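Let me begin by presenting the structure, written as structure tokens, before commenting on it.
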Amino acid sequence: MRHIIQASVLCLSLVATAASAQSVRTEKNMSLDLANQIATATVAACTANGYAVGVTVVDRAGTVRAVQRADNAGPHTLAASLQKAFTSASAKNNTLAMMEGAQKNPAAANLTDIPGFLLLGGGMPIKVGSETIGAVGVGGAPGGHLDEACAVAALEKVKDQLK
């Protein structure tokens, strides 16, 4: 009888362990150092093209990890960069594509009603493989496509760290 009870307890503990293991997830996240590298490289890419921008890097949950504002960048650039980064991280998509999709699809136009969303070019997801670990948002270049180009250039510089 004692062996049956011990075996039953062992089985139940294994089942409980397996069940709890299924509820715990492992996710990749970016370090503060990587977030700062992306912000610095984004500002540098835009500055090289004559654009004074604000840049915000957020983690997978849309929480700010790094912020930079170039010399002479307007004060509005930081708010725009935050909203673009949040939108991109939340939707796991670039904001230029989202803007274009909303313009072509009336049902998607309501995306602009989501608090914190900004459907303008300049928000790019940061990915490790297919997993989105955050996003970078850029505001201040004379066009969202130019903001996006700076973010793309920065992500290209750190691509070896995104593996």
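Note on naming: chains are A, B, ... as they come in the structure tokens, residues start from 1 per chain, ligands start from 1 in the order shown.
If you count only C-alpha atoms and ignore residues fewer than 6 places along the chain from Cys46 of chain A, what sits within 12 Å of it is Ala39, Thr40, Ala52, Val53, Gly54, Val55, Arg69, Ala70, Asp71, Ala73, Gly122, Val138, Gly139, Gly140, Ala141, Pro142, Gly143, Gly144, His145, Leu146, Asp147, Glu148, Ala149, Cys150, Ala151, Val152, Ala153 and Ala154 of chain A.
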Worksheet entry | DSSP-assigned alpha helix (DSSP H) members of chain A, reported as a PyMOL selection string | chain A and resi 2-22+32-48+76-91+95-104+144-157
Discussion item. For Leu32 of chain A, find every residue with an atom within 10 Å (counting only C-alpha atoms), except residues of its own chain fewer than 3 positions away, and show them as a list of chain:residue names.
Written reply: A:Asn29, A:Ala35, A:Asn36, A:Gln37, A:Ile38, A:Val57, A:Asp59, A:Arg65, A:Ala66
Mind writing the picked residues with C-alpha atoms as a PDB file, in the first residue's frame?
ATOM      1  CA  ASN A  29      14.490  40.855 -24.743  1.00  0.00           C
ATOM      2  CA  ALA A  35      18.591  49.828 -27.113  1.00  0.00           C
ATOM      3  CA  ASN A  36      21.100  52.679 -26.743  1.00  0.00           C
ATOM      4  CA  GLN A  37      23.099  51.443 -29.742  1.00  0.00           C
ATOM      5  CA  ILE A  38      19.957  51.432 -31.880  1.00  0.00           C
ATOM      6  CA  VAL A  57      13.366  52.450 -28.534  1.00  0.00           C
ATOM      7  CA  ASP A  59      10.787  46.702 -25.567  1.00  0.00           C
ATOM      8  CA  ARG A  65      14.233  51.502 -23.091  1.00  0.00           C
ATOM      9  CA  ALA A  66      16.129  54.398 -24.732  1.00  0.00           C
TER      10      ALA A  66
END
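Among the candidate residues A:Gly101, A:Pro75, A:Gly116, A:Gly62, the one lying nearest to Val136 of chain A is A:Gly62, with distances computed using only C-alpha atoms.
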Worksheet entry | Contacts of Gly137 of chain A within 8 Å, only C-alpha atoms, excl. fewer than 5 positions in-chain, as an MDAnalysis selection string | chainID A and resid 55:57 80:86 88 122:124 151
